[in-house]
$ cat data27.pdb   # PDB, C-alpha atoms
ATOM      1  CA  MET P   1      -5.771 -24.905  15.660
ATOM      2  CA  LYS P   2      -2.311 -23.612  16.233
ATOM      3  CA  ARG P   3      -1.814 -19.896  16.625
ATOM      4  CA  PRO P   4      -0.552 -18.554  13.249
ATOM      5  CA  ARG P   5       3.096 -17.625  13.343
ATOM      6  CA  LYS P   6       4.921 -15.189  11.100
ATOM      7  CA  ILE P   7       8.374 -15.653   9.625
ATOM      8  CA  LEU P   8       9.647 -12.948   7.317
ATOM      9  CA  SER P   9      12.328 -13.479   4.725
ATOM     10  CA  GLY P  10      13.432 -11.551   1.697
ATOM     11  CA  ALA P  11      15.466 -12.082  -1.433
ATOM     12  CA  VAL P  12      16.575  -9.799  -4.220
ATOM     13  CA  THR P  13      17.164 -11.268  -7.653
ATOM     14  CA  ALA P  14      18.910  -9.500 -10.491
ATOM     15  CA  THR P  15      17.098 -10.000 -13.771
ATOM     16  CA  ALA P  16      16.677  -7.965 -16.942
ATOM     17  CA  ALA P  17      13.867  -6.201 -15.120
ATOM     18  CA  PHE P  18      14.785  -5.654 -11.473
ATOM     19  CA  CYS P  19      12.456  -7.598  -9.197
ATOM     20  CA  LEU P  20      12.202  -7.309  -5.440
ATOM     21  CA  THR P  21      10.560 -10.356  -3.903
ATOM     22  CA  LEU P  22       9.535 -10.835  -0.299
ATOM     23  CA  ALA P  23       7.893 -13.967   1.110
ATOM     24  CA  CYS P  24       5.740 -13.970   4.220
ATOM     25  CA  TYR P  25       5.311 -17.484   5.622
ATOM     26  CA  GLY P  26       2.422 -18.027   7.988
ATOM     27  CA  ALA P  27       0.903 -21.131   9.487
ATOM     28  CA  THR P  28      -1.802 -21.388   6.854
ATOM     29  CA  LEU P  29      -0.761 -18.992   4.116
ATOM     30  CA  THR P  30       2.219 -18.089   1.932
ATOM     31  CA  VAL P  31       2.183 -14.672   0.257
ATOM     32  CA  VAL P  32       4.934 -13.575  -2.138
ATOM     33  CA  SER P  33       5.080  -9.886  -3.073
ATOM     34  CA  SER P  34       6.936  -8.742  -6.189
ATOM     35  CA  ASN P  35       7.567  -5.489  -8.016
ATOM     36  CA  ASN P  36       9.538  -4.753 -11.161
ATOM     37  CA  GLY P  37      10.649  -1.224 -10.286
ATOM     38  CA  THR P  38       8.260   0.459 -12.743
ATOM     39  CA  GLY P  39       5.142   0.496 -10.536
ATOM     40  CA  ARG P  40       3.886  -3.031 -11.256
ATOM     41  CA  PHE P  41       3.189  -4.749  -7.919
ATOM     42  CA  SER P  42       1.887  -8.309  -7.606
ATOM     43  CA  TRP P  43       0.910 -10.661  -4.781
ATOM     44  CA  SER P  44       0.879 -14.439  -5.108
ATOM     45  CA  TYR P  45      -1.112 -16.615  -2.673
ATOM     46  CA  THR P  46      -0.535 -20.315  -1.924
ATOM     47  CA  LYS P  47      -0.978 -22.523   1.156
ATOM     48  CA  GLY P  48       1.349 -22.365   4.124
ATOM     49  CA  ASP P  49       3.225 -25.099   5.947
ATOM     50  CA  GLU P  50       0.421 -26.162   8.302
ATOM     51  CA  PRO P  51      -2.111 -28.941   7.474
ATOM     52  CA  PHE P  52      -4.866 -26.380   6.953
ATOM     53  CA  ILE P  53      -6.061 -24.493   3.884
ATOM     54  CA  TRP P  54      -8.266 -21.485   3.226
ATOM     55  CA  ARG P  55     -11.560 -21.684   1.341
ATOM     56  CA  LEU P  56     -12.851 -18.557  -0.388
ATOM     57  CA  ASP P  57     -16.196 -18.120  -2.099
ATOM     58  CA  SER P  58     -18.631 -15.329  -2.953
ATOM     59  CA  VAL P  59     -20.322 -15.616   0.474
ATOM     60  CA  ASN P  60     -17.304 -15.739   2.780
ATOM     61  CA  GLY P  61     -14.040 -15.000   1.062
ATOM     62  CA  THR P  62     -12.129 -11.848   0.157
ATOM     63  CA  ILE P  63      -8.533 -10.760  -0.224
ATOM     64  CA  GLY P  64      -8.064  -7.113   0.697
ATOM     65  CA  ILE P  65      -5.025  -4.964  -0.068
ATOM     66  CA  GLN P  66      -4.614  -1.244   0.565
ATOM     67  CA  THR P  67      -2.477   0.236  -2.179
ATOM     68  CA  TYR P  68      -1.800   3.703  -3.619
ATOM     69  CA  GLY P  69      -1.693   5.490  -6.957
ATOM     70  CA  VAL P  70      -3.570   2.728  -8.771
ATOM     71  CA  GLU P  71      -3.682   3.190 -12.536
ATOM     72  CA  GLN P  72      -4.724  -0.356 -13.452
ATOM     73  CA  VAL P  73      -5.810  -3.489 -11.599
ATOM     74  CA  PHE P  74      -5.003  -6.996 -12.854
ATOM     75  CA  THR P  75      -7.562  -9.581 -11.721
ATOM     76  CA  PRO P  76      -7.312 -13.317 -12.467
ATOM     77  CA  SER P  77     -10.110 -15.155 -14.248
ATOM     78  CA  GLY P  78     -12.994 -16.087 -11.984
ATOM     79  CA  TRP P  79     -12.404 -13.193  -9.595
ATOM     80  CA  SER P  80     -13.942  -9.732  -9.276
ATOM     81  CA  VAL P  81     -12.444  -6.653  -7.637
ATOM     82  CA  SER P  82     -13.881  -3.592  -5.928
ATOM     83  CA  ASN P  83     -12.204  -0.274  -5.108
ATOM     84  CA  ASP P  84     -13.590   1.906  -2.318
ATOM     85  CA  GLY P  85     -12.304   5.059  -4.051
ATOM     86  CA  ASN P  86      -9.206   5.280  -1.865
ATOM     87  CA  ASP P  87      -7.373   2.384  -3.564
ATOM     88  CA  PHE P  88      -8.427  -0.216  -1.012
ATOM     89  CA  LEU P  89      -8.939  -3.242  -3.246
ATOM     90  CA  GLN P  90     -11.014  -6.304  -2.391
ATOM     91  CA  TRP P  91     -10.897  -9.387  -4.606
ATOM     92  CA  THR P  92     -13.722 -11.939  -4.386
ATOM     93  CA  TYR P  93     -13.891 -15.342  -6.059
ATOM     94  CA  THR P  94     -17.131 -15.422  -8.044
ATOM     95  CA  SER P  95     -16.847 -18.758  -9.873
ATOM     96  CA  GLY P  96     -17.731 -21.156  -7.071
ATOM     97  CA  THR P  97     -15.117 -22.049  -4.450
ATOM     98  CA  TRP P  98     -11.382 -21.412  -4.383
ATOM     99  CA  TYR P  99      -9.057 -23.326  -2.068
ATOM    100  CA  VAL P 100      -5.715 -21.689  -1.390
ATOM    101  CA  GLU P 101      -3.451 -24.640  -2.110
ATOM    102  CA  ASN P 102      -0.341 -25.162  -4.245
ATOM    103  CA  THR P 103      -1.757 -23.499  -7.372
ATOM    104  CA  ALA P 104      -0.993 -19.814  -6.922
ATOM    105  CA  VAL P 105      -3.529 -17.077  -7.474
ATOM    106  CA  VAL P 106      -1.885 -13.757  -8.363
ATOM    107  CA  PHE P 107      -3.279 -10.221  -8.051
ATOM    108  CA  ALA P 108      -1.495  -7.125  -9.346
ATOM    109  CA  VAL P 109      -1.730  -3.381  -9.855
ATOM    110  CA  GLN P 110       0.067  -0.772 -11.892
ATOM    111  CA  SER P 111       0.791   2.187  -9.618
ATOM    112  CA  THR P 112       1.971   5.711 -10.321
ATOM    113  CA  PHE P 113       4.499   5.145  -7.520
ATOM    114  CA  THR P 114       7.562   3.031  -8.251
ATOM    115  CA  ASN P 115       9.155   2.978  -4.783
ATOM    116  CA  SER P 116       8.195   0.072  -2.531
ATOM    117  CA  THR P 117       7.851  -0.420   1.213
ATOM    118  CA  LEU P 118       6.738  -3.090   3.669
ATOM    119  CA  TYR P 119       3.081  -2.985   4.691
ATOM    120  CA  THR P 120       3.247  -4.207   8.283
ATOM    121  CA  ASN P 121       0.745  -2.176  10.338
ATOM    122  CA  ASP P 122      -2.740  -3.195  11.348
ATOM    123  CA  ILE P 123      -5.749  -2.276   9.219
ATOM    124  CA  GLY P 124      -6.665   1.383   9.544
ATOM    125  CA  GLU P 125      -3.073   2.481  10.062
ATOM    126  CA  PHE P 126      -0.250   3.271   7.655
ATOM    127  CA  PHE P 127       0.771   0.951   5.754
ATOM    128  CA  PRO P 128      -1.767  -1.798   6.608
ATOM    129  CA  LYS P 129      -1.171  -5.501   6.136
ATOM    130  CA  GLY P 130      -3.036  -7.458   3.515
ATOM    131  CA  THR P 131      -6.055  -9.369   4.771
ATOM    132  CA  LEU P 132      -7.587 -12.696   3.769
ATOM    133  CA  ILE P 133     -11.080 -13.512   5.044
ATOM    134  CA  GLY P 134     -12.458 -16.993   4.479
ATOM    135  CA  THR P 135     -13.086 -20.403   6.008
ATOM    136  CA  ILE P 136     -10.248 -22.499   7.380
ATOM    137  CA  CYS P 137     -10.449 -26.154   6.288
ATOM    138  CA  ASP P 138      -8.486 -29.334   6.716
ATOM    139  CA  THR P 139      -6.640 -30.845   3.755
ATOM    140  CA  ASP P 140      -9.772 -32.818   2.799
ATOM    141  CA  HIS P 141     -11.641 -29.495   2.370
ATOM    142  CA  VAL P 142     -13.754 -30.086   5.481
ATOM    143  CA  ALA P 143     -14.655 -26.705   7.004
ATOM    144  CA  ILE P 144     -13.355 -25.990  10.504
ATOM    145  CA  ALA P 145     -14.251 -22.355  11.185
ATOM    146  CA  PRO P 146     -14.443 -18.924   9.546
ATOM    147  CA  GLY P 147     -11.359 -16.830  10.069
ATOM    148  CA  LEU P 148      -9.088 -13.968   9.086
ATOM    149  CA  GLU P 149      -5.379 -13.912   8.224
ATOM    150  CA  ARG P 150      -3.354 -10.682   8.084
ATOM    151  CA  HIS P 151      -0.097 -10.854   6.208
ATOM    152  CA  VAL P 152       2.893  -8.645   5.482
ATOM    153  CA  ILE P 153       3.250  -7.516   1.865
ATOM    154  CA  THR P 154       5.284  -5.036  -0.135
ATOM    155  CA  GLY P 155       3.443  -2.266  -1.940
ATOM    156  CA  PRO P 156       3.775   1.195  -3.461
ATOM    157  CA  GLN P 157       5.368   3.896  -1.326
ATOM    158  CA  PRO P 158       4.008   7.368  -2.078
ATOM    159  CA  ARG P 159       6.312  10.212  -1.060
ATOM    160  CA  PRO P 160       5.284  13.817  -0.399
ATOM    161  CA  ARG P 161       7.015  16.327  -2.642
ATOM    162  CA  PHE P 162       6.516  19.715  -4.272
ATOM    163  CA  SER P 163       5.676  18.968  -7.894
ATOM    164  CA  THR P 164       5.022  22.550  -9.092
ATOM    165  CA  PHE P 165       5.463  26.047  -7.703
ATOM    166  CA  ASN P 166       4.370  29.487  -8.818
ATOM    167  CA  VAL P 167       3.806  32.972  -7.414
ATOM    168  CA  SER P 168       0.357  34.454  -7.939
ATOM    169  CA  ASN P 169      -1.241  37.511  -6.294
ATOM    170  CA  SER P 170       1.463  37.719  -3.615
ATOM    171  CA  GLN P 171       1.023  34.060  -2.778
ATOM    172  CA  ALA P 172       3.350  31.101  -3.079
ATOM    173  CA  VAL P 173       1.258  28.329  -4.627
ATOM    174  CA  PHE P 174       2.412  24.713  -4.346
ATOM    175  CA  ASP P 175       1.114  21.590  -5.948
ATOM    176  CA  ILE P 176       2.026  18.709  -3.664
ATOM    177  CA  GLU P 177       2.225  15.072  -4.625
ATOM    178  CA  GLU P 178       1.859  13.347  -1.334
ATOM    179  CA  MET P 179       1.573  10.324   0.842
ATOM    180  CA  MET P 180      -2.138   9.769   1.304
ATOM    181  CA  GLY P 181      -3.323   9.767   4.902
ATOM    182  CA  ARG P 182      -0.290  11.583   6.249
ATOM    183  CA  THR P 183      -0.284  15.013   7.861
ATOM    184  CA  CYS P 184       1.943  17.288   5.785
ATOM    185  CA  HIS P 185       3.553  20.488   7.049
ATOM    186  CA  VAL P 186       4.655  23.320   4.758
ATOM    187  CA  GLU P 187       7.415  25.335   6.441
ATOM    188  CA  ARG P 188       9.557  28.330   5.442
ATOM    189  CA  THR P 189      12.706  30.126   6.525
ATOM    190  CA  VAL P 190      14.810  33.084   5.428
ATOM    191  CA  ASN P 191      18.102  31.509   6.529
ATOM    192  CA  LEU P 192      18.999  27.937   5.631
ATOM    193  CA  THR P 193      22.012  27.856   7.966
ATOM    194  CA  SER P 194      20.006  28.740  11.071
ATOM    195  CA  ASN P 195      17.714  25.728  10.707
ATOM    196  CA  THR P 196      14.850  27.813  12.075
ATOM    197  CA  TRP P 197      11.643  26.936  10.245
ATOM    198  CA  GLN P 198       8.219  28.543  10.575
ATOM    199  CA  GLU P 199       5.186  26.428   9.837
ATOM    200  CA  THR P 200       2.822  28.110   7.384
ATOM    201  CA  THR P 201       0.151  25.428   7.098
ATOM    202  CA  ASN P 202      -0.512  21.771   7.741
ATOM    203  CA  PHE P 203      -3.097  19.444   6.264
ATOM    204  CA  THR P 204      -3.994  15.784   5.981
ATOM    205  CA  VAL P 205      -3.658  14.654   2.412
ATOM    206  CA  GLN P 206      -6.790  13.126   0.885
ATOM    207  CA  GLY P 207      -5.885  12.783  -2.788
ATOM    208  CA  LEU P 208      -2.998  12.129  -5.114
ATOM    209  CA  SER P 209      -2.407  15.840  -5.560
ATOM    210  CA  THR P 210      -3.066  18.712  -3.163
ATOM    211  CA  ASN P 211      -2.826  22.444  -3.846
ATOM    212  CA  VAL P 212      -1.853  24.829  -1.020
ATOM    213  CA  ALA P 213      -1.034  28.544  -0.953
ATOM    214  CA  ASP P 214       1.002  30.677   1.439
ATOM    215  CA  PRO P 215       0.750  34.507   1.510
ATOM    216  CA  ILE P 216       4.190  35.967   0.856
ATOM    217  CA  PRO P 217       5.196  38.459   3.580
ATOM    218  CA  ALA P 218       6.563  41.862   2.620
ATOM    219  CA  MET P 219      10.320  41.383   2.996
ATOM    220  CA  ALA P 220      13.473  41.780   0.969
ATOM    221  CA  ASN P 221      15.005  38.466   1.964
ATOM    222  CA  PRO P 222      14.490  35.329  -0.121
ATOM    223  CA  LEU P 223      12.192  32.638   1.291
ATOM    224  CA  PHE P 224      12.969  28.943   1.400
ATOM    225  CA  TYR P 225      10.257  26.300   1.715
ATOM    226  CA  ARG P 226      10.293  22.671   2.784
ATOM    227  CA  LEU P 227       7.677  19.920   3.082
ATOM    228  CA  ARG P 228       7.616  17.709   6.164
ATOM    229  CA  PHE P 229       5.201  14.945   7.032
ATOM    230  CA  THR P 230       4.140  12.869  10.017
ATOM    231  CA  ARG P 231       2.091   9.733  10.426
TER
END

$ encode --input "data27.pdb" --output "structure tokens"
Amino acid sequence: MKRPRKILSGAVTATAAFCLTLACYGATLTVVSSNNGTGRFSWSYTKGDEPFIWRLDSVNGTIGIQTYGVEQVFTPSGWSVSNDGNDFLQWTYTSGTWYVENTAVVFAVQSTFTNSTLYTNDIGEFFPKGTLIGTICDTDHVAIAPGLERHVITGPQPRPRFSTFNVSNSQAVFDIEEMMGRTCHVERTVNLTSNTWQETTNFTVQGLSTNVADPIPAMANPLFYRLRFTR
């Protein structure tokens, strides 16, 4: 079997509802990612340009996508979905056998995040590719071998930001909407023009919202805060 190759292309179409579409063409798989700008993200799967197809069933066949801020999951008929609690979704075909051919199967989510980004990193890193696990077959549906295909998608892009702020018991209290899995740094300064920032705390975000507090020092000058993040 030929080594899968990746060709990435993108197109933007102007419609009544803005839609960003990106196609990832692999040797055995075509995945088209779409979003409408309001947090609805979808992924359409069909066969690629090689004379091989994927077989998925309840024993050996899942499509896994890491996403963020999931409010609702849209699952096609005949499929089931699981969520590990951190918005890693796995769809499994439960109605016999599905061959990834010219009839598209489409999965979608509604996310709290409306910005999109490419998911190009390996599994376990930020933002991980989508993953298909199944059995590779020839065009007559004769099984060749089990396998795995990782593919570039577009998905929600969470962004760290201060959502609320208050002062309580000589503390500055922040509610931070964040980018899950990132290390965030809360920093402060008394002079914006000097660009000298002092880190007050850092943390790795584990949920959609994180609350942090910083004791306010006894000083007459105003304090300025910023939020910085790293991978």

$ residues_near_point --input "data27.pdb" --point "(-0.8, -22.1, -0.5)" --cutoff "10 Å" --atoms "all atoms listed in the file" --output "mmCIF file with C-alpha atoms, keeping the file's coordinate frame"
data_model
loop_
_atom_site.group_PDB
_atom_site.id
_atom_site.type_symbol
_atom_site.label_atom_id
_atom_site.label_comp_id
_atom_site.auth_asym_id
_atom_site.auth_seq_id
_atom_site.Cartn_x
_atom_site.Cartn_y
_atom_site.Cartn_z
ATOM 1 C CA TYR P 25 5.311 -17.484 5.622
ATOM 2 C CA GLY P 26 2.422 -18.027 7.988
ATOM 3 C CA THR P 28 -1.802 -21.388 6.854
ATOM 4 C CA LEU P 29 -0.761 -18.992 4.116
ATOM 5 C CA THR P 30 2.219 -18.089 1.932
ATOM 6 C CA VAL P 31 2.183 -14.672 0.257
ATOM 7 C CA SER P 44 0.879 -14.439 -5.108
ATOM 8 C CA TYR P 45 -1.112 -16.615 -2.673
ATOM 9 C CA THR P 46 -0.535 -20.315 -1.924
ATOM 10 C CA LYS P 47 -0.978 -22.523 1.156
ATOM 11 C CA GLY P 48 1.349 -22.365 4.124
ATOM 12 C CA ASP P 49 3.225 -25.099 5.947
ATOM 13 C CA GLU P 50 0.421 -26.162 8.302
ATOM 14 C CA PHE P 52 -4.866 -26.380 6.953
ATOM 15 C CA ILE P 53 -6.061 -24.493 3.884
ATOM 16 C CA TRP P 54 -8.266 -21.485 3.226
ATOM 17 C CA TYR P 99 -9.057 -23.326 -2.068
ATOM 18 C CA VAL P 100 -5.715 -21.689 -1.390
ATOM 19 C CA GLU P 101 -3.451 -24.640 -2.110
ATOM 20 C CA ASN P 102 -0.341 -25.162 -4.245
ATOM 21 C CA THR P 103 -1.757 -23.499 -7.372
ATOM 22 C CA ALA P 104 -0.993 -19.814 -6.922
ATOM 23 C CA VAL P 105 -3.529 -17.077 -7.474
#

$ axis_aligned_box --input "data27.pdb" --around "stretch 71-76 of chain P" --padding-each-side "6 Å" --output "lines of an AutoDock Vina configuration file"
center_x = -5.6
center_y = -5.1
center_z = -12.5
size_x = 15.9
size_y = 28.5
size_z = 13.9

$ residues_around --input "data27.pdb" --residues "stretch 65-78 of chain P" --least-positions-apart "4" --cutoff "8 Å" --atoms "only C-alpha atoms" --output "JSON, numbers by chain"
{"P": [86, 87, 88, 89, 90, 91, 93, 94, 95, 105, 106, 107, 108, 109, 110, 111, 112, 113, 127, 128, 129, 130, 131, 155, 156, 157, 158, 180, 208]}

$ residues_around --input "data27.pdb" --residues "P:Glu187" --least-positions-apart "4" --cutoff "10 Å" --atoms "only C-alpha atoms" --output "list of chain:residue names"
P:Thr196, P:Trp197, P:Gln198, P:Glu199, P:Thr200, P:Thr201, P:Asn202, P:Asp214, P:Phe224, P:Tyr225, P:Arg226, P:Leu227, P:Arg228

$ write_last_selection --input "data27.pdb" --atoms "C-alpha atoms" --output "JSON list (two decimals), in the frame of the given file"
[["chain", "number", "residue", "atom", "x", "y", "z"],
["P", 196, "THR", "CA", 14.85, 27.81, 12.08],
["P", 197, "TRP", "CA", 11.64, 26.94, 10.24],
["P", 198, "GLN", "CA", 8.22, 28.54, 10.58],
["P", 199, "GLU", "CA", 5.19, 26.43, 9.84],
["P", 200, "THR", "CA", 2.82, 28.11, 7.38],
["P", 201, "THR", "CA", 0.15, 25.43, 7.10],
["P", 202, "ASN", "CA", -0.51, 21.77, 7.74],
["P", 214, "ASP", "CA", 1.00, 30.68, 1.44],
["P", 224, "PHE", "CA", 12.97, 28.94, 1.40],
["P", 225, "TYR", "CA", 10.26, 26.30, 1.72],
["P", 226, "ARG", "CA", 10.29, 22.67, 2.78],
["P", 227, "LEU", "CA", 7.68, 19.92, 3.08],
["P", 228, "ARG", "CA", 7.62, 17.71, 6.16]]

$ atom_distance --input "data27.pdb" --atom1 "atom CA of P:Ser168" --atom2 "atom CA of P:Thr189"
19.5 Å

$ closest_residue --input "data27.pdb" --among "P:Thr120, P:Thr183, P:Asn211, P:Ser194" --to "P:Phe165" --atoms "only C-alpha atoms"
P:Asn211

$ atom_distance --input "data27.pdb" --atom1 "atom CA of P:Thr164" --atom2 "atom CA of P:Ile176"
7.3 Å

$ residues_near_point --input "data27.pdb" --point "(-13.8, -15.3, 12.7)" --cutoff "10 Å" --atoms "all atoms listed in the file" --output "count of residues only"
9

$ build_atoms --input "data27.pdb" --residues "stretch 133-147 of chain P" --atoms "N, CA and C atoms" --output "PDB file, in the frame of the given file"
ATOM      1  N   ILE P 133      -9.930 -13.086   4.252  1.00  0.00           N
ATOM      2  CA  ILE P 133     -11.080 -13.512   5.044  1.00  0.00           C
ATOM      3  C   ILE P 133     -11.699 -14.720   4.348  1.00  0.00           C
ATOM      4  N   GLY P 134     -11.889 -15.800   5.082  1.00  0.00           N
ATOM      5  CA  GLY P 134     -12.458 -16.993   4.479  1.00  0.00           C
ATOM      6  C   GLY P 134     -12.801 -18.027   5.527  1.00  0.00           C
ATOM      7  N   THR P 135     -12.805 -19.281   5.111  1.00  0.00           N
ATOM      8  CA  THR P 135     -13.086 -20.403   6.008  1.00  0.00           C
ATOM      9  C   THR P 135     -11.865 -21.310   6.045  1.00  0.00           C
ATOM     10  N   ILE P 136     -11.388 -21.604   7.251  1.00  0.00           N
ATOM     11  CA  ILE P 136     -10.248 -22.499   7.380  1.00  0.00           C
ATOM     12  C   ILE P 136     -10.749 -23.939   7.301  1.00  0.00           C
ATOM     13  N   CYS P 137     -10.042 -24.763   6.513  1.00  0.00           N
ATOM     14  CA  CYS P 137     -10.449 -26.154   6.288  1.00  0.00           C
ATOM     15  C   CYS P 137      -9.267 -27.079   6.532  1.00  0.00           C
ATOM     16  N   ASP P 138      -9.575 -28.374   6.699  1.00  0.00           N
ATOM     17  CA  ASP P 138      -8.486 -29.334   6.716  1.00  0.00           C
ATOM     18  C   ASP P 138      -8.109 -29.680   5.283  1.00  0.00           C
ATOM     19  N   THR P 139      -7.133 -30.554   5.103  1.00  0.00           N
ATOM     20  CA  THR P 139      -6.640 -30.845   3.755  1.00  0.00           C
ATOM     21  C   THR P 139      -7.634 -31.639   2.914  1.00  0.00           C
ATOM     22  N   ASP P 140      -8.703 -32.148   3.544  1.00  0.00           N
ATOM     23  CA  ASP P 140      -9.772 -32.818   2.799  1.00  0.00           C
ATOM     24  C   ASP P 140     -10.908 -31.864   2.462  1.00  0.00           C
ATOM     25  N   HIS P 141     -10.682 -30.559   2.664  1.00  0.00           N
ATOM     26  CA  HIS P 141     -11.641 -29.495   2.370  1.00  0.00           C
ATOM     27  C   HIS P 141     -12.835 -29.495   3.321  1.00  0.00           C
ATOM     28  N   VAL P 142     -12.695 -30.121   4.479  1.00  0.00           N
ATOM     29  CA  VAL P 142     -13.754 -30.086   5.481  1.00  0.00           C
ATOM     30  C   VAL P 142     -13.619 -28.794   6.291  1.00  0.00           C
ATOM     31  N   ALA P 143     -14.694 -28.003   6.333  1.00  0.00           N
ATOM     32  CA  ALA P 143     -14.655 -26.705   7.004  1.00  0.00           C
ATOM     33  C   ALA P 143     -14.452 -26.865   8.503  1.00  0.00           C
ATOM     34  N   ILE P 144     -13.605 -26.015   9.070  1.00  0.00           N
ATOM     35  CA  ILE P 144     -13.355 -25.990  10.504  1.00  0.00           C
ATOM     36  C   ILE P 144     -14.003 -24.758  11.139  1.00  0.00           C
ATOM     37  N   ALA P 145     -13.696 -23.589  10.611  1.00  0.00           N
ATOM     38  CA  ALA P 145     -14.251 -22.355  11.185  1.00  0.00           C
ATOM     39  C   ALA P 145     -13.947 -21.189  10.254  1.00  0.00           C
ATOM     40  N   PRO P 146     -14.794 -20.148  10.268  1.00  0.00           N
ATOM     41  CA  PRO P 146     -14.443 -18.924   9.546  1.00  0.00           C
ATOM     42  C   PRO P 146     -13.273 -18.248  10.230  1.00  0.00           C
ATOM     43  N   GLY P 147     -12.519 -17.470   9.467  1.00  0.00           N
ATOM     44  CA  GLY P 147     -11.359 -16.830  10.069  1.00  0.00           C
ATOM     45  C   GLY P 147     -10.813 -15.704   9.225  1.00  0.00           C
TER      46      GLY P 147
END
